[in-house]
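Engineer: Pasting in a structure now, in structure tokens, and then I'll have a few things to ask.
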Protein chains: 2
Amino acid sequence: MDLASIGEFGLIERIRSGQSLPSGVMGIGDDCAVIPRGDGLDTLVTTDLLLEDKHFILSDITPFQLGWKSASVNLSDIAAMGGTPVGSFLSIGLPNGLSAEWMDDFIAGYRKASGGCPLLGGDTTAADKLCINVGVLGECPHGKALLRSGAKPGDIIYVTGPLGDSGAGLKIILQGLKRDEDALKLIERHYLPNARLSEGLVLSGLEGVHSAMDISDGIASDLEHILKASGVGAEVDVTRLPISAELQRVSALYGWDTIALAVASGEDYELLFTASPEVKIPFENHYAIGRIVEGSGIVWKGTGEHFTGFRHF
Amino acid sequence: MDLASIGEFGLIERIRSGQSLPSGVMGIGDDCAVIPRGDGLDTLVTTDLLLEDKHFILSDITPFQLGWKSASVNLSDIAAMGGTPVGSFLSIGLPNGLSAEWMDDFIAGYRKASGGCPLLGGDTTAADKLCINVGVLGECPHGKALLRSGAKPGDIIYVTGPLGDSGAGLKIILQGLKRDEDALKLIERHYLPNARLSEGLVLSGLEGVHSAMDISDGIASDLEHILKASGVGAEVDVTRLPISAELQRVSALYGWDTIALAVASGEDYELLFTASPEVKIPFENHYAIGRIVEGSGIVWKGTGEHFTGFRHF
């Protein structure tokens, strides 16, 4: 059987199955692994692989942007757990022809996105194509990590910012469309995502916030992870999805479906979280997009027939 | 300036420089990063990138062997610090055409080499060529990690097993030499290295063991790291290097210099450590190969003129 026919999640299931974990340890299945320790904290670990021509086009992305993004997508997983990053680890396979200045700019972007989180180790090697793996070590108070598995019927579903910008930016890059001010803003959202660390930290301290993850594949896919892990369903009102003015204008220009981009294009790295209706979210950038219900799967509201297909993502 | 002209260590220095670390944290520069925490333990982290055609030839290595080696070379870094592995993280970029059975065998080898250390997370993606990054999280009692920086004049220099086997195995693979029983043993040493976890753990508990690292590049290069980190020099008696019977026989057949292989071919993943002469090493597989002296650099003893070149590795 070819690996492609199993798919990513089938593959992960094969890797995960048949392993017994020490008590209290959470392995594969959330944004980070969670490993309790003796000082009242849990260690969090996440890792992401970024490959040239699969995740980025080296001739388009600047080294600063690539360094930024490599750090940021991992810090976003720490944010999704409500954790604090402690240190990062960079493995990089470098093809011939990159300059020392390229590397300096990459590291500058990496450090800028990392904020106070120091780069503590890694590996460097030669490669045919650029290959980057980042791991981040974080921590949170014991038992306080925001998991995917806690969503409860009645919870409001929130996201922390506009959806679809990153995917639209990628379309502009791949299709070679013109880069006016709006397009550049969308590309920036694709290349320079912000890890929502402060929002994650606030959410992990709030009673009644029941689940969270970061949006890497688009909510049509990502919300399903929360639903499956929690044994619940969801209703999402697509008229309430936050769509940026830039995405609206660029989509009008090219006839793109903003809602399809918002739910299924991914790499926005906003947080997706659920909380009891009585919880007051103490930061501005929170957008209620639906609610958790009994059952399973997503019911999309406020859209035409064409849209029900997203149920099967 | 091309990156190649800087070299690996120049590159690492560029990445490391200009960063301030939290008190007590040790980042780049040893086998693992060391991060103190509040429960009397230090967290250890290491990571290694293995790329097809750079670190292995996919058509030659079996998936079991590749899985084993991917885990083992990282566990070896935990061993070199005298730590205990807690969990591992596997990022894997998979080219088209690999089967599910291939992946199952890879995971079987990975798990076998991991012993009780669970696989807690990772990332999977498509790739043009197979690309593997493993990270391992470990721990040790606070302040007890075996560092490269503690070697003292008068210390005896030890290794935990025969040197050069892995490099000879690689020569046999790359040159397509015949695979008799001896050759297969050397290839096995290349593909199925053993992380010296129990030895590392014993050493970290012994008063008077001053420094350690694992041998990944060959002692001509690796011992220099200990010397530089410790501000000392070394005398190595090459007649005392442990050379396996297999390596002797195969080298006789092809006219290979066993000593050159032993000091410079790498990937043996034995431990290299230094200890006061009065320390009794309580496991059998320890071989005294020289001693630490004042000064800097390695003086090679017991060999002809041709051998002094290794000083400049």
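Each chain of the structure tokens is named A, B, ... in the order shown, its residues numbered from 1; ligands are numbered from 1 in display order.
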When DSSP is applied to the backbone of this structure, which of range 33-189 of chain B are assigned helix (DSSP H, G or I)? Write them out as a ChimeraX atom specification.
Structural biologist: /B:63-80,100-114,165-175,181-189
Engineer: From the DSSP assignment of the backbone, select every residue of range 25-256 of chain B that is strand (DSSP E), and format the answer as number ranges by chain.
Structural biologist: B: 33-36, 41-51, 84-94, 119-126, 131-141, 156-159, 209-214, 233-237
Engineer: Using only C-alpha atoms, determine which residues of chain B fall within 7 Å of chain A; present them as a list in words.
Structural biologist: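 The complete set of qualifying residues is Met1, Asp2, Leu3, Glu8, Ile15, Leu21, Gly27, Ile28, Ala33, Gly38, Asp39, Thr47, Asp48, Leu49, Lys54, Ser91, Gly97, Leu98, Ser99, Ala100, Ile107, Pro118, Leu120, Gly121, Gly122, Asp123, Thr124, Ala127 and Asn133 of chain B.
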Engineer: Given the choices B:Leu147, B:Ile57, B:Leu177, B:Val73, which gets closest to Arg196 in chain B if the distance is worked out from only C-alpha atoms?
Structural biologist: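 Of B:Leu147, B:Ile57, B:Leu177, B:Val73, the one nearest Arg196 in chain B, counting only C-alpha atoms, is B:Val73.
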Engineer: Please compute the CA of Gly83 in chain A-CA of Phe273 in chain A distance, one decimal, in Å.
Structural biologist: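 Value for the CA of Gly83 in chain A-CA of Phe273 in chain A distance: 14.5 Å.
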Engineer: Measuring between only C-alpha atoms, which one of A:Ser114, A:Asn194, A:Ser204, A:Ser296 shows the shortest distance to Glu139 in chain A?
Structural biologist: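 Among the listed residues, the smallest separation from Glu139 in chain A belongs to A:Ser204.
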Engineer: List the spatial neighbours of range 274-277 of chain A as JSON, numbers by chain - criterion: any atom at most 12 Å away, only C-alpha atoms, same-chain residues fewer than 2 positions off excluded.
Structural biologist: {"A": [80, 146, 147, 148, 149, 150, 151, 152, 153, 154, 155, 156, 157, 158, 159, 160, 203, 204, 206, 207, 208, 209, 210, 211, 212, 213, 223, 226, 227, 230, 232, 234, 271, 272, 279, 280, 281, 286, 287, 288, 289, 290, 291, 292, 293]}
Engineer: Mind writing the picked residues with N, CA and C atoms as a CSV table (one decimal), in the first residue's frame?
Structural biologist:
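Produced file again33.csv, reproduced below:
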chain,number,residue,atom,x,y,z
A,80,ALA,N,-1.1,28.1,21.2
A,80,ALA,CA,-2.3,27.3,21.2
A,80,ALA,C,-2.5,26.5,22.5
A,146,LEU,N,-4.1,24.4,27.3
A,146,LEU,CA,-5.3,24.4,26.5
A,146,LEU,C,-5.3,23.3,25.6
A,147,LEU,N,-6.2,22.4,25.7
A,147,LEU,CA,-6.3,21.2,24.9
A,147,LEU,C,-7.3,21.3,23.8
A,148,ARG,N,-7.3,20.4,22.9
A,148,ARG,CA,-8.4,20.3,21.8
A,148,ARG,C,-9.6,19.6,22.4
A,149,SER,N,-9.4,18.9,23.5
A,149,SER,CA,-10.4,17.9,23.9
A,149,SER,C,-11.4,18.4,24.9
A,150,GLY,N,-11.4,19.7,25.2
A,150,GLY,CA,-12.3,20.1,26.3
A,150,GLY,C,-13.6,20.8,25.8
A,151,ALA,N,-13.8,21.0,24.5
A,151,ALA,CA,-15.0,21.7,24.1
A,151,ALA,C,-16.3,21.1,24.6
A,152,LYS,N,-17.3,22.0,25.0
A,152,LYS,CA,-18.5,21.5,25.6
A,152,LYS,C,-19.7,22.1,24.8
A,153,PRO,N,-20.8,21.4,24.6
A,153,PRO,CA,-22.0,21.9,24.0
A,153,PRO,C,-22.4,23.2,24.7
A,154,GLY,N,-22.7,24.2,23.9
A,154,GLY,CA,-23.0,25.5,24.5
A,154,GLY,C,-21.9,26.5,24.3
A,155,ASP,N,-20.6,26.0,24.2
A,155,ASP,CA,-19.5,26.9,24.1
A,155,ASP,C,-19.6,27.8,22.9
A,156,ILE,N,-19.1,29.0,23.0
A,156,ILE,CA,-19.0,29.9,21.8
A,156,ILE,C,-17.6,29.5,21.2
A,157,ILE,N,-17.6,29.5,19.8
A,157,ILE,CA,-16.4,29.3,19.1
A,157,ILE,C,-15.8,30.6,18.6
A,158,TYR,N,-14.6,30.9,18.9
A,158,TYR,CA,-13.9,32.1,18.6
A,158,TYR,C,-12.7,31.9,17.7
A,159,VAL,N,-12.4,33.0,17.0
A,159,VAL,CA,-11.0,33.0,16.4
A,159,VAL,C,-10.4,34.4,16.7
A,160,THR,N,-9.1,34.5,16.7
A,160,THR,CA,-8.4,35.7,17.2
A,160,THR,C,-8.1,36.7,16.1
A,203,LEU,N,-5.9,33.3,27.7
A,203,LEU,CA,-6.9,32.3,27.6
A,203,LEU,C,-6.7,31.1,28.6
A,204,SER,N,-5.4,30.7,28.8
A,204,SER,CA,-5.1,29.6,29.7
A,204,SER,C,-5.4,30.0,31.1
A,206,LEU,N,-8.0,31.8,32.0
A,206,LEU,CA,-9.5,32.1,32.2
A,206,LEU,C,-10.3,30.9,32.5
A,207,GLU,N,-11.0,30.9,33.6
A,207,GLU,CA,-12.0,29.8,33.8
A,207,GLU,C,-13.0,29.8,32.7
A,208,GLY,N,-13.3,28.6,32.2
A,208,GLY,CA,-14.4,28.5,31.2
A,208,GLY,C,-13.9,28.5,29.8
A,209,VAL,N,-12.6,28.7,29.5
A,209,VAL,CA,-12.1,28.5,28.2
A,209,VAL,C,-11.8,27.0,28.1
A,210,HIS,N,-12.5,26.3,27.2
A,210,HIS,CA,-12.5,24.8,27.3
A,210,HIS,C,-11.6,24.1,26.2
A,211,SER,N,-11.3,24.8,25.1
A,211,SER,CA,-10.4,24.1,24.1
A,211,SER,C,-9.8,25.2,23.3
A,212,ALA,N,-8.6,24.8,22.7
A,212,ALA,CA,-8.0,25.8,21.8
A,212,ALA,C,-7.0,25.0,20.8
A,213,MET,N,-6.8,25.6,19.7
A,213,MET,CA,-5.7,25.1,18.8
A,213,MET,C,-5.3,26.3,17.9
A,223,LEU,N,-11.1,22.8,13.0
A,223,LEU,CA,-12.2,22.7,14.0
A,223,LEU,C,-12.7,21.2,14.1
A,226,ILE,N,-10.9,19.6,17.0
A,226,ILE,CA,-11.5,19.9,18.3
A,226,ILE,C,-12.7,19.1,18.5
A,227,LEU,N,-13.5,19.0,17.5
A,227,LEU,CA,-14.8,18.3,17.6
A,227,LEU,C,-14.6,16.8,17.9
A,230,SER,N,-13.1,16.2,21.3
A,230,SER,CA,-14.1,16.6,22.4
A,230,SER,C,-15.4,15.8,22.3
A,232,VAL,N,-17.9,16.3,20.2
A,232,VAL,CA,-19.0,17.2,20.0
A,232,VAL,C,-19.1,17.6,18.6
A,234,ALA,N,-20.5,21.2,15.8
A,234,ALA,CA,-20.4,22.7,15.8
A,234,ALA,C,-21.3,23.2,14.8
A,271,LEU,N,-5.6,31.8,16.6
A,271,LEU,CA,-6.1,30.8,17.5
A,271,LEU,C,-7.6,30.6,17.3
A,272,LEU,N,-8.0,29.3,17.4
A,272,LEU,CA,-9.4,28.9,17.4
A,272,LEU,C,-9.6,28.3,18.8
A,279,VAL,N,-18.1,33.6,29.7
A,279,VAL,CA,-16.7,34.1,29.8
A,279,VAL,C,-16.5,35.4,29.0
A,280,LYS,N,-15.9,36.4,29.7
A,280,LYS,CA,-15.6,37.7,29.0
A,280,LYS,C,-14.2,37.6,28.5
A,281,ILE,N,-14.0,37.7,27.2
A,281,ILE,CA,-12.7,37.6,26.6
A,281,ILE,C,-12.0,38.9,26.7
A,286,HIS,N,-11.2,39.1,19.3
A,286,HIS,CA,-11.8,37.8,19.4
A,286,HIS,C,-13.1,38.0,18.6
A,287,TYR,N,-13.4,37.0,17.8
A,287,TYR,CA,-14.6,37.0,16.9
A,287,TYR,C,-15.3,35.7,17.1
A,288,ALA,N,-16.6,35.8,17.5
A,288,ALA,CA,-17.5,34.7,17.7
A,288,ALA,C,-18.0,34.2,16.3
A,289,ILE,N,-17.7,33.0,16.0
A,289,ILE,CA,-18.1,32.5,14.6
A,289,ILE,C,-19.1,31.3,14.7
A,290,GLY,N,-19.4,30.9,15.9
A,290,GLY,CA,-20.4,29.8,16.0
A,290,GLY,C,-20.4,29.2,17.4
A,291,ARG,N,-21.1,28.0,17.5
A,291,ARG,CA,-21.1,27.4,18.8
A,291,ARG,C,-21.0,25.9,18.8
A,292,ILE,N,-20.6,25.4,19.9
A,292,ILE,CA,-20.5,23.9,20.0
A,292,ILE,C,-21.8,23.3,20.3
A,293,VAL,N,-22.1,22.2,19.7
A,293,VAL,CA,-23.4,21.6,19.9
A,293,VAL,C,-23.2,20.1,20.2
Engineer: Need to verify the contact set: range 237-248 of chain A, 8 Å, only C-alpha atoms, exclusion of same-chain residues closer than 5 positions in sequence. Can you return it as a list in words?
Structural biologist: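 My list of contacting residues is Gly161, Pro162, Leu163, Gly164, Asp165, Ala168, Asp182, Ala183, Lys185, Leu186, Thr258, Ile259, Ala262, Tyr287, Ala288, Ile289, Gly290, Trp300, Lys301, Gly302 and Thr303 of chain A.
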Engineer: Filtering to N, CA and C atoms, could you give me those residues as a PDB file, in the first residue's frame?
Structural biologist:
ATOM      1  N   GLY A 161      -8.499  36.432  14.852  1.00  0.00           N
ATOM      2  CA  GLY A 161      -8.197  37.414  13.809  1.00  0.00           C
ATOM      3  C   GLY A 161      -8.748  36.975  12.472  1.00  0.00           C
ATOM      4  N   PRO A 162      -8.560  37.813  11.453  1.00  0.00           N
ATOM      5  CA  PRO A 162      -9.123  37.549  10.130  1.00  0.00           C
ATOM      6  C   PRO A 162      -8.598  36.247   9.531  1.00  0.00           C
ATOM      7  N   LEU A 163      -9.473  35.569   8.808  1.00  0.00           N
ATOM      8  CA  LEU A 163      -9.132  34.280   8.202  1.00  0.00           C
ATOM      9  C   LEU A 163      -9.040  34.420   6.686  1.00  0.00           C
ATOM     10  N   GLY A 164      -8.187  33.632   6.081  1.00  0.00           N
ATOM     11  CA  GLY A 164      -8.104  33.566   4.622  1.00  0.00           C
ATOM     12  C   GLY A 164      -7.035  34.455   4.017  1.00  0.00           C
ATOM     13  N   ASP A 165      -6.526  35.404   4.777  1.00  0.00           N
ATOM     14  CA  ASP A 165      -5.509  36.311   4.227  1.00  0.00           C
ATOM     15  C   ASP A 165      -4.277  35.540   3.756  1.00  0.00           C
ATOM     16  N   ALA A 168      -4.907  33.593   0.612  1.00  0.00           N
ATOM     17  CA  ALA A 168      -4.997  34.497  -0.535  1.00  0.00           C
ATOM     18  C   ALA A 168      -3.609  34.986  -0.930  1.00  0.00           C
ATOM     19  N   ASP A 182      -2.800  46.029  -1.375  1.00  0.00           N
ATOM     20  CA  ASP A 182      -3.619  44.980  -0.749  1.00  0.00           C
ATOM     21  C   ASP A 182      -2.940  43.610  -0.861  1.00  0.00           C
ATOM     22  N   ALA A 183      -2.450  43.315  -2.057  1.00  0.00           N
ATOM     23  CA  ALA A 183      -1.813  42.012  -2.286  1.00  0.00           C
ATOM     24  C   ALA A 183      -0.594  41.853  -1.388  1.00  0.00           C
ATOM     25  N   LYS A 185      -0.110  43.147   1.470  1.00  0.00           N
ATOM     26  CA  LYS A 185      -0.563  42.933   2.849  1.00  0.00           C
ATOM     27  C   LYS A 185      -0.925  41.446   3.056  1.00  0.00           C
ATOM     28  N   LEU A 186      -1.593  40.853   2.068  1.00  0.00           N
ATOM     29  CA  LEU A 186      -1.970  39.441   2.169  1.00  0.00           C
ATOM     30  C   LEU A 186      -0.722  38.542   2.134  1.00  0.00           C
ATOM     31  N   THR A 258     -14.459  34.482  -0.765  1.00  0.00           N
ATOM     32  CA  THR A 258     -13.765  34.812   0.495  1.00  0.00           C
ATOM     33  C   THR A 258     -14.040  33.774   1.575  1.00  0.00           C
ATOM     34  N   ILE A 259     -15.267  33.233   1.575  1.00  0.00           N
ATOM     35  CA  ILE A 259     -15.605  32.272   2.628  1.00  0.00           C
ATOM     36  C   ILE A 259     -14.824  30.970   2.443  1.00  0.00           C
ATOM     37  N   ALA A 262     -11.494  31.606   3.669  1.00  0.00           N
ATOM     38  CA  ALA A 262     -11.453  31.779   5.126  1.00  0.00           C
ATOM     39  C   ALA A 262     -11.533  30.443   5.862  1.00  0.00           C
ATOM     40  N   TYR A 287     -13.417  36.971  17.759  1.00  0.00           N
ATOM     41  CA  TYR A 287     -14.565  36.987  16.865  1.00  0.00           C
ATOM     42  C   TYR A 287     -15.349  35.707  17.060  1.00  0.00           C
ATOM     43  N   ALA A 288     -16.599  35.834  17.515  1.00  0.00           N
ATOM     44  CA  ALA A 288     -17.450  34.661  17.710  1.00  0.00           C
ATOM     45  C   ALA A 288     -17.950  34.208  16.345  1.00  0.00           C
ATOM     46  N   ILE A 289     -17.711  32.956  15.982  1.00  0.00           N
ATOM     47  CA  ILE A 289     -18.091  32.489  14.645  1.00  0.00           C
ATOM     48  C   ILE A 289     -19.098  31.339  14.698  1.00  0.00           C
ATOM     49  N   GLY A 290     -19.427  30.871  15.905  1.00  0.00           N
ATOM     50  CA  GLY A 290     -20.392  29.777  15.984  1.00  0.00           C
ATOM     51  C   GLY A 290     -20.444  29.227  17.386  1.00  0.00           C
ATOM     52  N   TRP A 300     -22.561  24.236   8.565  1.00  0.00           N
ATOM     53  CA  TRP A 300     -22.222  25.594   8.118  1.00  0.00           C
ATOM     54  C   TRP A 300     -23.519  26.365   7.916  1.00  0.00           C
ATOM     55  N   LYS A 301     -23.666  27.512   8.539  1.00  0.00           N
ATOM     56  CA  LYS A 301     -24.885  28.321   8.403  1.00  0.00           C
ATOM     57  C   LYS A 301     -24.577  29.611   7.664  1.00  0.00           C
ATOM     58  N   GLY A 302     -25.625  30.132   7.017  1.00  0.00           N
ATOM     59  CA  GLY A 302     -25.475  31.436   6.377  1.00  0.00           C
ATOM     60  C   GLY A 302     -24.838  31.373   5.002  1.00  0.00           C
ATOM     61  N   THR A 303     -24.866  30.196   4.412  1.00  0.00           N
ATOM     62  CA  THR A 303     -24.253  30.075   3.100  1.00  0.00           C
ATOM     63  C   THR A 303     -25.128  29.240   2.184  1.00  0.00           C
TER      64      THR A 303
END
Engineer: Choose the residue, out of A:Glu224, A:Tyr191, A:Leu174, A:Ser76, that has the smallest atom-to-atom separation from Val299 in chain A; count only C-alpha atoms.
Structural biologist: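 Of A:Glu224, A:Tyr191, A:Leu174, A:Ser76, the one nearest Val299 in chain A is A:Glu224, counting only C-alpha atoms.
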Engineer: Using only C-alpha atoms, which of the listed residues (A:Leu184, A:Lys112, A:Tyr269, A:Gly82) sits closest to Gly205 in chain A?
Structural biologist: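 Ranking A:Leu184, A:Lys112, A:Tyr269, A:Gly82 by distance to Gly205 in chain A, first place goes to A:Gly82.
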Engineer: Find the residues near Asp60 in chain A: any atom within 10 Å, counting only C-alpha atoms, skip ones fewer than 5 places away on the same chain, and give them as a PDB file with C-alpha atoms, in the first residue's frame.
Structural biologist:
ATOM      1  CA  GLN A  65      10.579  36.263   6.149  1.00  0.00           C
ATOM      2  CA  LEU A  66      11.576  32.594   6.050  1.00  0.00           C
ATOM      3  CA  ILE A 173       2.417  34.244  -5.054  1.00  0.00           C
ATOM      4  CA  LEU A 174       1.682  30.991  -6.914  1.00  0.00           C
TER       5      LEU A 174
END
Engineer: Between CA of Asp42 in chain A and CA of Tyr110 in chain B, what is the distance, to one decimal in Å?
Structural biologist: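 If I compute the distance from CA of Asp42 in chain A to CA of Tyr110 in chain B, I get 25.6 Å.
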